[in-house]
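Some notes on the structure that comes next.
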Amino acid sequence: MQSPGGLISGRFHYAAGSLLSVTHLSVADVSAILEETSRIAALEISERAAMLRGRTIALLFYESSTRTRTSFELAAKLLGATTTLVSDKSSSIEKGESLKDTGLTLRALGAECIILRHFHSGAAFVLARETGLPVLNAGDGMHEHPSQALLDLRTMLTRLHGTSAARRVSERSLEGVTVTITGDILHSRVARSNAMLLPRLGARVILCGPEPLLPEDAHGLGAGIEIDRDFDHALTQSQVVMMLRIQKERLAGLELDLGDYIARFQLNAGRLAAQAPKALVMHPGPMIRGLEISDEVADGPQSATEEQVANGLAIRQALLVRAMGGMR
């Protein structure tokens, strides 16, 4: 899937260790990150806490976040780093300060790495270019969420193939695996990053949803990606089902009948049992229970949502070590 417009423009050099897009990672890079994740997870707490001791990491969040922000913050603290959180509700951002100036201020104050969530697609690229610091993209507009794709990958590998399979990957690691991503594809940076990453490891990705949330061209489909608007049909082919939240805050101007959506696209216990009784169920959160997913499925044995959160903490520790130049 191609990147949308916005603030992305041209090629530029960015600091080693930045993660702005999954397209910047080779399969070997992904494998190294997964291996580092497993290595860090096996360390004693005291060893882990010494890895980034004395280092300073800034979290710059222009959008609300629970899982991603807390995960990155806890990851940094577990590694011994000092963190500072800047949000648009409690800083000069509220007074109209530009992203560039906020980033330069954080750099002048000693930040060595910035984790950014922003409502504009491409904002992470701008911040990396203007500050020269390693930048970790924690979600930029309708563009990408690369760390989510990596944690989703680790979750899939662990549940489908066992813990050892999550240590390293190749172009065939997900061969024979069909992943159906269902819901608000149009606005989902999670769907975009997963669709960019998973086919490179052998997966087949089906995008499923109503036409207002999944245009026919899907912003340019890549190899290994296809569209199927029949959720039941897609489920029968799936080893992994990833449900997405309906992003009501982004639906202005779109016509969507929620009753019809629930009837056609909700993952409930009956539908799962009938069409995909062994499929792994995933959701990046936050979940809207009763809309895209039912309680029984969200809390059921096939659900890996809590594992996704745990893997997010693990993956983000490795990404922070990588950003700070400490990855082996």
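Naming scheme: A, B, ... for chains in displayed order of the structure tokens; residues 1 onward per chain; ligands 1 onward as shown.
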Any chance you could list, as a PyMOL selection string, the residues in region 23-230 of chain A that come up strand (DSSP E) when DSSP is run on the backbone? chain A and resi 56-61+82-87+113-118+135-140+178-182+204-208+225-227
Emit the selected residues as an mmCIF file, in the first residue's frame, including C-alpha atoms.
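Result written to part20.cif:
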```cif
data_model
loop_
_atom_site.group_PDB
_atom_site.id
_atom_site.type_symbol
_atom_site.label_atom_id
_atom_site.label_comp_id
_atom_site.auth_asym_id
_atom_site.auth_seq_id
_atom_site.Cartn_x
_atom_site.Cartn_y
_atom_site.Cartn_z
ATOM 1 C CA THR A 56 17.123 10.757 27.960
ATOM 2 C CA ILE A 57 14.089 9.935 25.831
ATOM 3 C CA ALA A 58 11.220 12.301 25.004
ATOM 4 C CA LEU A 59 7.677 11.202 24.252
ATOM 5 C CA LEU A 60 5.905 13.761 22.074
ATOM 6 C CA PHE A 61 2.208 12.965 21.720
ATOM 7 C CA THR A 82 14.936 9.088 31.946
ATOM 8 C CA THR A 83 11.737 10.032 30.139
ATOM 9 C CA THR A 84 9.795 13.221 29.631
ATOM 10 C CA LEU A 85 6.274 13.349 28.240
ATOM 11 C CA VAL A 86 5.083 16.297 26.149
ATOM 12 C CA SER A 87 1.457 16.420 25.009
ATOM 13 C CA CYS A 113 15.567 10.155 20.988
ATOM 14 C CA ILE A 114 11.980 11.257 20.351
ATOM 15 C CA ILE A 115 8.929 9.011 20.201
ATOM 16 C CA LEU A 116 6.257 10.815 18.198
ATOM 17 C CA ARG A 117 2.534 10.379 17.700
ATOM 18 C CA HIS A 118 0.992 13.001 15.443
ATOM 19 C CA VAL A 135 12.715 9.274 15.873
ATOM 20 C CA LEU A 136 10.357 6.368 16.532
ATOM 21 C CA ASN A 137 7.037 6.759 14.753
ATOM 22 C CA ALA A 138 4.273 5.922 17.234
ATOM 23 C CA GLY A 139 1.563 6.634 14.657
ATOM 24 C CA ASP A 140 1.325 9.477 12.156
ATOM 25 C CA THR A 178 -3.704 -15.817 5.601
ATOM 26 C CA VAL A 179 -4.331 -12.732 7.725
ATOM 27 C CA THR A 180 -7.689 -10.998 7.352
ATOM 28 C CA ILE A 181 -7.761 -7.382 8.546
ATOM 29 C CA THR A 182 -11.321 -6.138 8.950
ATOM 30 C CA ARG A 204 -1.377 -13.440 2.322
ATOM 31 C CA VAL A 205 -3.315 -10.412 3.573
ATOM 32 C CA ILE A 206 -7.041 -9.938 2.961
ATOM 33 C CA LEU A 207 -8.515 -6.506 3.615
ATOM 34 C CA CYS A 208 -12.199 -6.604 4.449
ATOM 35 C CA ILE A 225 -2.763 -8.145 -0.598
ATOM 36 C CA GLU A 226 -6.349 -8.466 -1.807
ATOM 37 C CA ILE A 227 -9.825 -7.167 -1.018
#
```
DSSP on the backbone, then: every residue of region 243-288 of chain A marked helix (DSSP H, G or I), written as a ChimeraX atom specification. /A:248-250,258-265,269-275
If we count only C-alpha atoms, what is near Ile293 (chain A) at a cut-off of 9 Å, once residues fewer than 4 positions away on the same chain are taken out, given as a list in words? Met243, Leu244, Arg245, Ile262, Phe265, Gln266, Leu267, Asn268, Met287, Ile288, Arg289, Val297 and Ala298 of chain A
Output the selection as a CSV table (one decimal), in the first residue's frame - C-alpha atoms for each residue.
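Okay, again-v9.csv is ready:
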```
chain,number,residue,atom,x,y,z
A,243,MET,CA,-10.3,-6.5,13.9
A,244,LEU,CA,-10.0,-2.8,13.8
A,245,ARG,CA,-11.9,-0.1,15.6
A,262,ILE,CA,-22.5,-5.1,12.9
A,265,PHE,CA,-18.6,-7.4,9.8
A,266,GLN,CA,-18.8,-7.9,13.5
A,267,LEU,CA,-16.6,-10.8,14.8
A,268,ASN,CA,-18.9,-12.6,17.2
A,287,MET,CA,-11.8,-2.1,21.3
A,288,ILE,CA,-15.4,-1.0,20.9
A,289,ARG,CA,-17.1,-4.1,22.3
A,297,VAL,CA,-14.6,-13.3,21.3
A,298,ALA,CA,-12.6,-10.5,22.9
```
Leaving out Ser38 (chain A) and any residue of its chain fewer than 3 positions from it, which residues lie within 12 Å of it when counting only C-alpha atoms, given as a ChimeraX atom specification? /A:31-35,41-43,154,158,163-168,311,313-318
